[in-house]
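Right, one structure below, let's go through it.
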Protein chains: 2
Amino acid sequence: MKLLEERIRTHGKIREGGVLKVDSFLNHQMDVKLFQEMGKEFLRLYQDCGVTKILTIEASGIGIACVAAQFFDCPVIFAKKNKTKNIAGDVYTSKVESFTHGRVYDIIVSKEFLLPQDRVLIIDDFLANGSALQGLIKLVRDAGATLVGAGIAVEKAFQPGGDMIRGMGVRVESLARIKSMSVENGVEFC
Amino acid sequence: MKLLEERIRTHGKIREGGVLKVDSFLNHQMDVKLFQEMGKEFLRLYQDCGVTKILTIEASGIGIACVAAQFFDCPVIFAKKNKTKNIAGDVYTSKVESFTHGRVYDIIVSKEFLLPQDRVLIIDDFLANGSALQGLIKLVRDAGATLVGAGIAVEKAFQPGGDMIRGMGVRVESLARIKSMSVENGVEFC
């Protein structure tokens with residue numbers, strides 16, 4: 001998606017160690033007009049798939065998922081990272097390793113919101129090592145729901161997540177796929 | 001707002017200890033059509049205030065804020081609860097006590113996204129003891145920005161937060177204000 005690639009090129013900041021900061025428009029400050037265009041693109045890609053629920057993970061996937069869900073005319077569920085008093089009862093759970101935070105955490109979704117008859121599109125802001133996406137896929141499969149695919153804003157295609165998830169037979173559509181990036185040479189897209 | 005009150009009445013679940021579960025439509029599964037109506041109502045209330053930024057806090061405020069921001073035609077910033085590698089450099093920070101999680105945590109916003117010339121509307125899903133809102137207000141004031149007010153989905157008016165924040169001279173508009181609630185008698189609105 002040219003619009004997102006262009007924004008990454010002009011407003012993304014590359015840091016040492018493979019870190020791409022897109023916090024001026026994607027995951028701290030959020031450009032909801034850009035999210036609308038991304039939502040339309042996700043709809044174009046998945047419009048014939050009968051999506052009944054969009055599943056994302058807190059926190060930075062939520063904004064993109066909610067704006068996109070308006071085009072799909074379906075609700076969003078976000079997987080929570082910590083079990084709180086407000087989620088009682090039965091939940092589906094899986095483990096996610098966060099390289100940003102340097103730890104492993106549980107993610108959960110209430111069983112009542114993910115049903116066997118659901119056709120689920122997963123939306124998230126980043127795909128790098130694939131741990132979060134793998135965890136979300138497990139939630140969908142544990143529920144016996146149908147996984148339609150994943151819609152990702154930014155895929156770091158030089159990291160193994162995308163290949164791993166596609167190798168599992170899951171459809172993954174990323175709006176911007178980064179082939180390589182460096183402080184010296186900037187971002188190159190696939 | 002009748003639509004939200006009605007949804008709370010029909011789909012909210014009251015638990016012992018003053019817990020209101022609205023996770024089927026507001027803060028776990030999210031009804032984005034309802035969020036659109038809430039966004040329109042926030043716009044009706046604050047449309048003459050020249051809002052340039054909507055500020056919310058992760059995680060459950062983000063969806064409502066992003067959908068509402070489309071009507072205000074402005075970006076959203078969400079305060080983060082944990083300092084990660086991805087936020088380097090200067091941040092505004094304040095402390096928030098979570099009664100749900102039973103702990104105190106820091107919230108942060110990058111200084112580059114909250115500017116003295118900004119006119120900020122804070123949006124969040126719940127107002128009860130007021131700790132999160134107070135923390136967000138401090139971020140706005142530390143930035144030297146103008147606080148237009150707060151737009152809240154559900155205010156537990158029987159808890160002290162709303163009175164406390166209004167007593168600070170801050171405009172607070174809550175779409176549903178709960179006067180009292182109990183497992184036996186259900187929810188009564190103000």
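Here, A, B, ... name the chains of the structure tokens in the order displayed, residue numbers run from 1 inside each chain, and ligands are numbered from 1 in the same displayed order.
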
So that I can check the secondary structure, give me every residue of chain A assigned strand (DSSP E) by backbone DSSP, as a PDB file with C-alpha atoms, in the first residue's frame.
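So part-v8.pdb came out as:
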```pdb
ATOM      1  CA  LYS A  13      12.523   6.683  12.245  1.00  0.00           C
ATOM      2  CA  ILE A  14      15.084   3.911  12.113  1.00  0.00           C
ATOM      3  CA  ARG A  15      17.054   3.137  15.241  1.00  0.00           C
ATOM      4  CA  VAL A  19      13.900  -0.805  15.532  1.00  0.00           C
ATOM      5  CA  LEU A  20      11.473   1.131  13.339  1.00  0.00           C
ATOM      6  CA  LYS A  21       9.686   3.936  15.144  1.00  0.00           C
ATOM      7  CA  GLN A  29       0.014   9.080  18.007  1.00  0.00           C
ATOM      8  CA  MET A  30      -2.517   7.568  15.606  1.00  0.00           C
ATOM      9  CA  LYS A  53     -15.165 -10.797  13.932  1.00  0.00           C
ATOM     10  CA  ILE A  54     -11.909  -8.923  13.910  1.00  0.00           C
ATOM     11  CA  LEU A  55      -9.429 -10.075  16.539  1.00  0.00           C
ATOM     12  CA  THR A  56      -6.508  -7.928  17.671  1.00  0.00           C
ATOM     13  CA  ILE A  57      -4.244  -7.575  20.669  1.00  0.00           C
ATOM     14  CA  VAL A  76     -13.681  -6.224  17.302  1.00  0.00           C
ATOM     15  CA  ILE A  77     -12.310  -8.356  20.106  1.00  0.00           C
ATOM     16  CA  PHE A  78      -8.971  -7.525  21.622  1.00  0.00           C
ATOM     17  CA  ALA A  79      -6.888 -10.135  23.398  1.00  0.00           C
ATOM     18  CA  VAL A  91     -11.076 -17.797  28.631  1.00  0.00           C
ATOM     19  CA  TYR A  92      -8.932 -19.040  25.783  1.00  0.00           C
ATOM     20  CA  THR A  93      -5.289 -18.371  26.489  1.00  0.00           C
ATOM     21  CA  SER A  94      -1.913 -18.545  24.804  1.00  0.00           C
ATOM     22  CA  LYS A  95       1.614 -17.307  25.407  1.00  0.00           C
ATOM     23  CA  VAL A  96       3.338 -14.503  23.528  1.00  0.00           C
ATOM     24  CA  GLU A  97       6.974 -13.524  23.672  1.00  0.00           C
ATOM     25  CA  SER A  98       7.531  -9.791  23.472  1.00  0.00           C
ATOM     26  CA  ARG A 103       9.352 -11.071  28.463  1.00  0.00           C
ATOM     27  CA  VAL A 104       6.719 -13.753  27.926  1.00  0.00           C
ATOM     28  CA  TYR A 105       3.118 -13.011  28.811  1.00  0.00           C
ATOM     29  CA  ASP A 106      -0.267 -14.660  28.597  1.00  0.00           C
ATOM     30  CA  ILE A 107      -2.957 -13.341  26.300  1.00  0.00           C
ATOM     31  CA  ILE A 108      -6.586 -14.154  26.857  1.00  0.00           C
ATOM     32  CA  VAL A 109      -9.962 -13.860  25.166  1.00  0.00           C
ATOM     33  CA  SER A 110     -13.280 -14.659  26.789  1.00  0.00           C
ATOM     34  CA  ARG A 119     -14.968 -16.269  10.653  1.00  0.00           C
ATOM     35  CA  VAL A 120     -12.093 -14.303  12.127  1.00  0.00           C
ATOM     36  CA  LEU A 121      -9.735 -11.766  10.596  1.00  0.00           C
ATOM     37  CA  ILE A 122      -6.744 -10.964  12.786  1.00  0.00           C
ATOM     38  CA  ILE A 123      -5.450  -7.388  12.552  1.00  0.00           C
ATOM     39  CA  ASP A 124      -2.258  -6.094  14.096  1.00  0.00           C
ATOM     40  CA  ASP A 125       0.159  -3.222  13.599  1.00  0.00           C
ATOM     41  CA  PHE A 126       3.426  -5.184  13.291  1.00  0.00           C
ATOM     42  CA  LEU A 127       4.613  -8.602  12.182  1.00  0.00           C
ATOM     43  CA  THR A 146     -12.466 -20.267  11.105  1.00  0.00           C
ATOM     44  CA  LEU A 147      -9.364 -18.171  10.581  1.00  0.00           C
ATOM     45  CA  VAL A 148      -9.823 -16.118   7.438  1.00  0.00           C
ATOM     46  CA  GLY A 149      -6.343 -14.608   7.590  1.00  0.00           C
ATOM     47  CA  ALA A 150      -4.286 -11.806   9.038  1.00  0.00           C
ATOM     48  CA  GLY A 151      -4.134  -8.149   8.064  1.00  0.00           C
ATOM     49  CA  ILE A 152      -0.898  -6.523   9.141  1.00  0.00           C
ATOM     50  CA  ALA A 153       0.100  -2.879   8.821  1.00  0.00           C
ATOM     51  CA  VAL A 154       3.891  -3.257   8.770  1.00  0.00           C
ATOM     52  CA  GLU A 155       5.728  -6.522   8.188  1.00  0.00           C
ATOM     53  CA  LYS A 156       9.440  -6.723   8.772  1.00  0.00           C
ATOM     54  CA  VAL A 172      -1.145 -13.017   5.650  1.00  0.00           C
ATOM     55  CA  GLU A 173      -1.639  -9.662   3.930  1.00  0.00           C
ATOM     56  CA  SER A 174       0.724  -6.904   4.970  1.00  0.00           C
ATOM     57  CA  LEU A 175       0.152  -3.346   3.771  1.00  0.00           C
ATOM     58  CA  ALA A 176       3.847  -2.495   3.907  1.00  0.00           C
ATOM     59  CA  ARG A 177       6.554  -5.170   3.727  1.00  0.00           C
ATOM     60  CA  ILE A 178      10.019  -4.029   4.668  1.00  0.00           C
ATOM     61  CA  LYS A 179      12.754  -5.919   2.847  1.00  0.00           C
ATOM     62  CA  SER A 180      15.619  -4.236   4.649  1.00  0.00           C
ATOM     63  CA  MET A 181      16.312  -1.156   6.701  1.00  0.00           C
ATOM     64  CA  SER A 182      19.313   0.563   8.188  1.00  0.00           C
ATOM     65  CA  GLY A 186      16.727   3.978   5.163  1.00  0.00           C
ATOM     66  CA  VAL A 187      13.880   1.600   4.381  1.00  0.00           C
ATOM     67  CA  GLU A 188      13.568  -0.651   1.345  1.00  0.00           C
ATOM     68  CA  PHE A 189      10.201  -2.295   0.660  1.00  0.00           C
TER      69      PHE A 189
END
```

Specify as a ChimeraX atom specification all residues of chain B found within 7 Å of chain A, counting only C-alpha atoms.
-> /B:21,28-32,58-59,62-63,66-67,69-70,75-78,84-86,100-101,113

Go ahead and save the picked residues with C-alpha atoms, as a compact mmCIF listing (two decimals), in the first residue's frame.
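What ended up in part.txt:
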```txt
# COMPACT_ATOMS: atom_id res chain seq x y z
CA LYS B 21 -19.06 -5.80 33.17
CA HIS B 28 -13.23 -6.52 25.34
CA GLN B 29 -15.59 -7.12 22.47
CA MET B 30 -16.18 -3.69 20.94
CA ASP B 31 -19.29 -2.61 19.04
CA VAL B 32 -17.85 -0.08 16.61
CA GLU B 58 -4.37 2.08 26.80
CA ALA B 59 -6.04 -0.25 26.30
CA ILE B 62 -8.24 3.45 22.33
CA GLY B 63 -11.11 2.06 20.26
CA CYS B 66 -10.08 6.37 17.40
CA VAL B 67 -13.65 6.07 16.19
CA ALA B 69 -11.45 11.12 16.30
CA GLN B 70 -12.82 10.53 12.80
CA PRO B 75 -5.22 12.43 15.64
CA VAL B 76 -5.37 10.32 18.79
CA ILE B 77 -2.55 9.89 21.27
CA PHE B 78 -2.70 7.08 23.77
CA THR B 84 9.22 0.24 26.34
CA LYS B 85 12.31 0.37 24.18
CA ASN B 86 10.22 1.98 21.47
CA THR B 100 -8.96 -3.19 38.88
CA HIS B 101 -5.37 -4.39 38.86
CA PHE B 113 3.01 14.69 20.39
```

Rotated and translated chain A onto chain B by C-alpha atoms, as a tab-separated table (two decimals) with C-alpha atoms, in the first residue's frame:
```tsv
chain	number	residue	atom	x	y	z
A	1	MET	CA	-27.12	9.07	25.91
A	2	LYS	CA	-30.10	6.76	25.73
A	3	LEU	CA	-28.51	4.29	23.31
A	4	LEU	CA	-25.61	3.58	25.65
A	5	GLU	CA	-27.81	3.49	28.76
A	6	GLU	CA	-30.09	1.00	27.04
A	7	ARG	CA	-27.14	-1.17	26.06
A	8	ILE	CA	-25.81	-1.13	29.61
A	9	ARG	CA	-29.25	-2.08	30.89
A	10	THR	CA	-29.64	-4.98	28.47
A	11	HIS	CA	-26.06	-6.22	28.07
A	12	GLY	CA	-24.17	-5.01	31.15
A	13	LYS	CA	-23.58	-7.50	33.93
A	14	ILE	CA	-23.38	-6.43	37.55
A	15	ARG	CA	-21.05	-8.30	39.85
A	16	GLU	CA	-20.56	-8.06	43.59
A	17	GLY	CA	-18.30	-5.25	44.78
A	18	GLY	CA	-19.47	-2.55	42.39
A	19	VAL	CA	-18.14	-4.21	39.25
A	20	LEU	CA	-20.01	-3.50	36.02
A	21	LYS	CA	-19.05	-5.79	33.17
A	22	VAL	CA	-19.60	-4.19	29.78
A	23	ASP	CA	-17.13	-6.42	27.99
A	24	SER	CA	-19.61	-7.65	25.39
A	25	PHE	CA	-19.75	-4.23	23.71
A	26	LEU	CA	-17.32	-1.74	25.26
A	27	ASN	CA	-14.00	-3.00	26.56
A	28	HIS	CA	-13.24	-6.52	25.36
A	29	GLN	CA	-15.59	-7.11	22.47
A	30	MET	CA	-16.18	-3.68	20.94
A	31	ASP	CA	-19.29	-2.61	19.04
A	32	VAL	CA	-17.87	-0.08	16.60
A	33	LYS	CA	-21.34	1.00	15.43
A	34	LEU	CA	-22.12	1.98	19.01
A	35	PHE	CA	-18.73	3.74	19.14
A	36	GLN	CA	-19.74	5.75	16.06
A	37	GLU	CA	-22.87	7.00	17.80
A	38	MET	CA	-20.81	7.83	20.88
A	39	GLY	CA	-18.30	9.66	18.71
A	40	LYS	CA	-21.08	11.76	17.16
A	41	GLU	CA	-22.35	12.63	20.64
A	42	PHE	CA	-18.87	13.67	21.79
A	43	LEU	CA	-18.65	15.86	18.69
A	44	ARG	CA	-22.03	17.43	19.46
A	45	LEU	CA	-20.83	18.26	22.98
A	46	TYR	CA	-17.35	19.52	22.04
A	47	GLN	CA	-17.65	20.68	18.45
A	48	ASP	CA	-17.09	24.37	19.20
A	49	CYS	CA	-13.95	23.75	21.26
A	50	GLY	CA	-11.36	23.58	18.48
A	51	VAL	CA	-10.08	20.15	19.51
A	52	THR	CA	-6.71	19.37	17.88
A	53	LYS	CA	-5.85	16.11	19.68
A	54	ILE	CA	-7.71	13.38	21.47
A	55	LEU	CA	-5.81	11.83	24.36
A	56	THR	CA	-6.69	8.43	25.80
A	57	ILE	CA	-5.03	5.66	27.76
A	58	GLU	CA	-4.36	2.08	26.79
A	59	ALA	CA	-6.07	-0.23	26.31
A	60	SER	CA	-9.82	0.06	26.39
A	61	GLY	CA	-10.00	3.80	25.66
A	62	ILE	CA	-8.24	3.44	22.32
A	63	GLY	CA	-11.11	2.05	20.26
A	64	ILE	CA	-13.61	4.67	21.40
A	65	ALA	CA	-11.05	7.45	20.93
A	66	CYS	CA	-10.08	6.38	17.40
A	67	VAL	CA	-13.66	6.07	16.18
A	68	ALA	CA	-14.54	9.44	17.78
A	69	ALA	CA	-11.45	11.12	16.30
A	70	GLN	CA	-12.82	10.54	12.81
A	71	PHE	CA	-15.63	12.98	13.58
A	72	PHE	CA	-13.24	15.54	15.07
A	73	ASP	CA	-10.81	15.06	12.18
A	74	CYS	CA	-7.82	14.98	14.53
A	75	PRO	CA	-5.23	12.43	15.63
A	76	VAL	CA	-5.37	10.33	18.79
A	77	ILE	CA	-2.55	9.88	21.28
A	78	PHE	CA	-2.70	7.09	23.78
A	79	ALA	CA	-0.79	7.24	27.05
A	80	LYS	CA	1.25	4.09	27.55
A	81	LYS	CA	1.34	2.20	30.80
A	82	ASN	CA	4.85	0.84	30.56
A	83	LYS	CA	8.01	2.33	29.27
A	84	THR	CA	9.20	0.24	26.35
A	85	LYS	CA	12.29	0.33	24.18
A	86	ASN	CA	10.21	1.95	21.46
A	87	ILE	CA	9.72	5.15	23.44
A	88	ALA	CA	13.03	6.81	23.86
A	89	GLY	CA	13.71	10.40	24.70
A	90	ASP	CA	11.59	12.89	26.48
A	91	VAL	CA	8.20	11.94	27.87
A	92	TYR	CA	5.59	13.47	30.14
A	93	THR	CA	4.72	11.09	32.94
A	94	SER	CA	2.26	10.70	35.77
A	95	LYS	CA	1.11	8.00	38.16
A	96	VAL	CA	-2.22	6.18	38.03
A	97	GLU	CA	-3.69	3.87	40.61
A	98	SER	CA	-5.59	0.97	39.12
A	99	PHE	CA	-8.23	-0.47	41.42
A	100	THR	CA	-8.97	-3.19	38.87
A	101	HIS	CA	-5.37	-4.39	38.84
A	102	GLY	CA	-4.59	-3.37	42.41
A	103	ARG	CA	-1.42	-1.45	41.69
A	104	VAL	CA	0.10	1.92	40.82
A	105	TYR	CA	1.72	2.40	37.44
A	106	ASP	CA	3.33	5.14	35.41
A	107	ILE	CA	1.72	6.48	32.27
A	108	ILE	CA	3.71	8.30	29.65
A	109	VAL	CA	3.26	10.36	26.51
A	110	SER	CA	6.05	11.48	24.23
A	111	LYS	CA	6.63	15.22	24.50
A	112	GLU	CA	6.72	15.55	20.72
A	113	PHE	CA	3.01	14.69	20.39
A	114	LEU	CA	1.54	16.93	23.08
A	115	LEU	CA	2.29	20.57	22.32
A	116	PRO	CA	1.52	23.89	24.03
A	117	GLN	CA	-0.70	24.93	21.12
A	118	ASP	CA	-2.81	21.75	21.33
A	119	ARG	CA	-6.43	21.82	22.48
A	120	VAL	CA	-6.93	18.39	24.00
A	121	LEU	CA	-10.06	16.33	24.56
A	122	ILE	CA	-9.51	13.35	26.84
A	123	ILE	CA	-11.61	10.27	26.05
A	124	ASP	CA	-11.88	7.18	28.20
A	125	ASP	CA	-14.28	4.29	28.71
A	126	PHE	CA	-14.80	4.56	32.49
A	127	LEU	CA	-14.71	7.20	35.21
A	128	ALA	CA	-14.94	5.82	38.74
A	129	ASN	CA	-12.33	6.95	41.26
A	130	GLY	CA	-10.84	9.37	38.72
A	131	SER	CA	-7.23	8.26	39.01
A	132	ALA	CA	-6.68	7.58	35.30
A	133	LEU	CA	-8.36	10.83	34.30
A	134	GLN	CA	-6.35	12.78	36.85
A	135	GLY	CA	-3.16	11.27	35.46
A	136	LEU	CA	-4.14	12.21	31.91
A	137	ILE	CA	-5.00	15.77	32.98
A	138	LYS	CA	-1.55	16.11	34.51
A	139	LEU	CA	0.06	15.09	31.19
A	140	VAL	CA	-1.92	17.79	29.35
A	141	ARG	CA	-1.01	20.45	31.92
A	142	ASP	CA	2.64	19.44	32.01
A	143	ALA	CA	2.70	19.95	28.25
A	144	GLY	CA	1.24	23.43	28.62
A	145	ALA	CA	-1.59	22.40	26.31
A	146	THR	CA	-5.21	23.53	26.73
A	147	LEU	CA	-7.53	20.95	28.23
A	148	VAL	CA	-10.90	21.26	26.54
A	149	GLY	CA	-12.54	18.61	28.71
A	150	ALA	CA	-13.14	14.92	29.10
A	151	GLY	CA	-15.54	12.64	27.24
A	152	ILE	CA	-16.36	9.52	29.22
A	153	ALA	CA	-18.46	6.56	28.14
A	154	VAL	CA	-19.59	5.30	31.55
A	155	GLU	CA	-19.33	7.28	34.78
A	156	LYS	CA	-19.97	5.58	38.08
A	157	ALA	CA	-21.46	8.70	39.65
A	158	PHE	CA	-21.66	6.99	43.04
A	159	GLN	CA	-17.86	6.94	43.16
A	160	PRO	CA	-15.90	10.14	43.86
A	161	GLY	CA	-14.00	10.64	40.57
A	162	GLY	CA	-16.53	12.72	38.67
A	163	ASP	CA	-17.08	15.21	41.50
A	164	MET	CA	-13.35	15.45	42.18
A	165	ILE	CA	-12.44	16.18	38.54
A	166	ARG	CA	-15.31	18.66	38.05
A	167	GLY	CA	-14.19	20.29	41.30
A	168	MET	CA	-10.85	20.93	39.61
A	169	GLY	CA	-12.71	23.06	37.06
A	170	VAL	CA	-12.52	20.48	34.29
A	171	ARG	CA	-15.50	19.94	32.03
A	172	VAL	CA	-16.55	16.29	32.15
A	173	GLU	CA	-19.24	14.89	29.86
A	174	SER	CA	-20.27	11.32	30.50
A	175	LEU	CA	-22.58	9.53	28.06
A	176	ALA	CA	-24.02	7.30	30.76
A	177	ARG	CA	-23.95	8.26	34.45
A	178	ILE	CA	-24.76	5.48	36.86
A	179	LYS	CA	-26.42	6.71	40.04
A	180	SER	CA	-26.52	3.32	41.73
A	181	MET	CA	-26.28	-0.33	40.85
A	182	SER	CA	-26.71	-3.63	42.61
A	183	VAL	CA	-27.04	-7.27	41.68
A	184	GLU	CA	-30.58	-7.22	43.05
A	185	ASN	CA	-31.93	-4.00	41.55
A	186	GLY	CA	-29.85	-3.52	38.41
A	187	VAL	CA	-28.60	-0.16	37.18
A	188	GLU	CA	-30.14	3.23	37.87
A	189	PHE	CA	-28.94	6.21	35.82
A	190	CYS	CA	-28.72	9.84	36.95
```

Go through chain A and collect every residue that DSSP, computed from the backbone, puts in alpha helix (DSSP H); the answer should be as a ChimeraX atom specification.
-> /A:2-11,32-46,61-72,131-142,161-167
